[in-house]
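*Asks:* Have a look at this one before I ask anything.
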Amino acid sequence: MNLETKYLGLKLKNPLILGASPLADKVETVQRLEEAGASAIVLRSLFEEQIQMEDQAIEHHVERHGGAFSEAASGFFPALSDFALDTGQYLEQIRKIKQKVSIPVIGSLNGVTSGGWEYHSKLIEEAGADALELNFFELPTETDESAADIEKRYIEILKHIRAMVKIPLAVKLSPFFSSIPNFVKSLKEAGADGVVLFNRLYQSDIDIESLEVRPILHLSSSSELGLRLRWLAILEPHFPGLLAVSGGVHTSSDVIKSLMAGASVIQLVSTILKHGPEQFRILEQELLDWLEKNEYESLDQLRGSMSLRTCPDPSAFGRANYMKILRGWSLSSTGSQFS
């Protein structure tokens, strides 16, 4: 069976791609991932503050947005030396990877303001990236800033970048927007070719002995997939072909569920870190075996088959399911030892 799919207008050999991570820091590793079956790769994010620090040749703590970014949520901003690749190396990495592999290479930017992002988006395009993922995540801390203000700022940034580059653009979201369907609609109208659900929000912890705030990084688990399945299923009827899932996909069952809910592609990171590049080959083969066993004729027949538009019980993704779970909740259902 043919597993070819499209995402961001790119033709991919299967729906399994590498999400943003350190795994793309070495060209040799990317080659191994391609050989194992990865159909595209997303580079780790280049941060706006990193660019500013390089341009100004300074190293200091960033106070206003400390802890605001999913990949640097530690309460302080890292020193330049903590980054694996500076801006020049990042662009060169794109060129090197493009010379060695045939699969699409997707750059990633993580920022909150316009300005230099337009310029660096263009540099990433010129370096040969096939697409660009915009990793938008800001933690609001001011009481006079509304949700509408934040959404408007993101839309304006996207419009400016869209005007600068011709390559496809994806937006990676957090799950904490008041109306995700409306915001995704605005993103599409502003020029987004894809939306990634969701950014994993790395949390901070407090060391009660040293009185320090410390970052915590845990690899994902399949238990995180439910949130993503719900929103894939809700969004797919309105935005078919636009959606990618990131976070919580570890097994072939997770892959199948994501496709059923409406994902065009599945971004894998934690399961690859745990099991190595061969996990791509394993998941692809298990997906093929399941499709043939269940007599599916194509991947398109599976995709979206359990979205809000097509599933037998659409209420299962909404408030009715919330009430059903709580009404059916009991001590016995939790395995509690209380009698």
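Chains: A, B, ... in order of the structure tokens. Residues: from 1 per chain. Ligands: from 1, in order shown.
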Run DSSP on the backbone and grab whatever in stretch 189-258 of chain A lands in helix (DSSP H, G or I); send it over as a list of chain:residue names.
*Replies:*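 Here are the helix (DSSP H, G or I) residues of stretch 189-258 of chain A: A:Glu189, A:Ala190, A:Ser222, A:Ser223, A:Glu224, A:Leu225, A:Gly226, A:Leu227, A:Arg228, A:Leu229, A:Arg230, A:Trp231, A:Leu232, A:Ala233, A:Ile234, A:Leu235, A:Ser252, A:Ser253, A:Asp254, A:Val255, A:Ile256, A:Lys257, A:Ser258.
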*Asks:* Could you please take those selected residues and save C-alpha atoms as a PDB file, in the first residue's frame?
*Replies:*
ATOM      1  CA  GLU A 189      -6.080  33.527   6.402  1.00  0.00           C
ATOM      2  CA  ALA A 190      -2.774  35.201   7.338  1.00  0.00           C
ATOM      3  CA  SER A 222       1.279   8.258  25.045  1.00  0.00           C
ATOM      4  CA  SER A 223      -0.848   9.687  27.866  1.00  0.00           C
ATOM      5  CA  GLU A 224      -0.369  13.140  26.309  1.00  0.00           C
ATOM      6  CA  LEU A 225      -1.992  12.163  23.026  1.00  0.00           C
ATOM      7  CA  GLY A 226      -5.623  12.566  24.140  1.00  0.00           C
ATOM      8  CA  LEU A 227      -5.495  16.368  24.131  1.00  0.00           C
ATOM      9  CA  ARG A 228      -4.111  16.330  20.619  1.00  0.00           C
ATOM     10  CA  LEU A 229      -6.641  13.808  19.329  1.00  0.00           C
ATOM     11  CA  ARG A 230      -9.523  15.956  20.559  1.00  0.00           C
ATOM     12  CA  TRP A 231      -8.313  19.067  18.758  1.00  0.00           C
ATOM     13  CA  LEU A 232      -7.297  17.210  15.610  1.00  0.00           C
ATOM     14  CA  ALA A 233     -10.815  15.784  15.436  1.00  0.00           C
ATOM     15  CA  ILE A 234     -12.423  19.192  16.018  1.00  0.00           C
ATOM     16  CA  LEU A 235     -10.245  21.049  13.515  1.00  0.00           C
ATOM     17  CA  SER A 252       1.747   2.398  15.925  1.00  0.00           C
ATOM     18  CA  SER A 253      -1.613   2.636  17.712  1.00  0.00           C
ATOM     19  CA  ASP A 254      -0.816   6.275  18.498  1.00  0.00           C
ATOM     20  CA  VAL A 255       0.030   6.842  14.839  1.00  0.00           C
ATOM     21  CA  ILE A 256      -3.229   5.257  13.679  1.00  0.00           C
ATOM     22  CA  LYS A 257      -5.314   7.239  16.167  1.00  0.00           C
ATOM     23  CA  SER A 258      -3.654  10.494  15.046  1.00  0.00           C
TER      24      SER A 258
END
*Asks:* Quick one: residues within 8 Å of A:Arg303, only C-alpha atoms, excluding same-chain residues fewer than 6 positions away - as a list of chain:residue names?
*Replies:* A:Leu259, A:Met260, A:Ala261, A:Gly262, A:Ala263, A:Ser264
*Asks:* Quick one: distance from atom CA of A:Ser108 to atom CA of A:Asp149 in Å, one decimal?
*Replies:*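 That distance, rounded to one decimal, is 23.6 Å.
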*Asks:* Give me, as CSV, the closest atom pair and its distance (Å, one decimal) for every residue of stretch 260-317 of chain A within a cut-off of 8 Å of stretch 19-36 of chain A, counting only C-alpha atoms, rows sorted by chain and rising number.
*Replies:*
residue,atom,partner,partner_atom,distance
A:Gln267,CA,A:Gly19,CA,4.6
A:Leu268,CA,A:Gly19,CA,5.3
A:Val269,CA,A:Gly19,CA,5.6
A:Pro277,CA,A:Leu33,CA,5.2
A:Glu278,CA,A:Ala36,CA,5.4
A:Gln279,CA,A:Ala36,CA,7.7
A:Phe280,CA,A:Ala36,CA,5.8
A:Arg281,CA,A:Ala36,CA,5.3
*Asks:* Could you tell me which of A:Val265, A:Val101, A:Ile208, A:Leu134 comes closest to A:Ile157 if we count only C-alpha atoms?
*Replies:* A:Leu134
*Asks:* What is the atom CA of A:Gly194 to atom CA of A:Leu242 distance in Å?
*Replies:*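 Interatomic distance, atom CA of A:Gly194 to atom CA of A:Leu242: 4.5 Å.
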*Asks:* Considering only C-alpha atoms, return as a list in words whatever protein or nucleic-acid residues lie within 10 Å of A:Gln99, sequence-local ones (same chain, fewer than 5 positions apart) excluded.
*Replies:*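 Everything that qualifies: Val27, Gln93, Ile94 and Gly128 of chain A.
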*Asks:* Any idea what the distance is between atom CA of A:Glu133 and atom CA of A:Ala170?
*Replies:*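 We find that atom CA of A:Glu133 and atom CA of A:Ala170 lie 4.6 Å from each other.
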*Asks:* Rank A:Leu8, A:Asn199, A:Leu109, A:Asn14 by their smallest atom-to-atom distance to A:Asp300, using only C-alpha atoms, and report the top residue only.
*Replies:*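 Counting only C-alpha atoms, the residue closest to A:Asp300 is A:Asn14.
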*Asks:* With distances taken over only C-alpha atoms, which of A:Met1, A:Leu91, A:Ile180, A:Val213 is nearest to A:Val195?
*Replies:* A:Ile180
*Asks:* Using only C-alpha atoms, which of the listed residues (A:Leu217, A:Leu173, A:Ala127, A:Ala244) sits closest to A:Ser270?
*Replies:*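 When distances to A:Ser270 are compared using only C-alpha atoms, the smallest one comes from A:Leu217.
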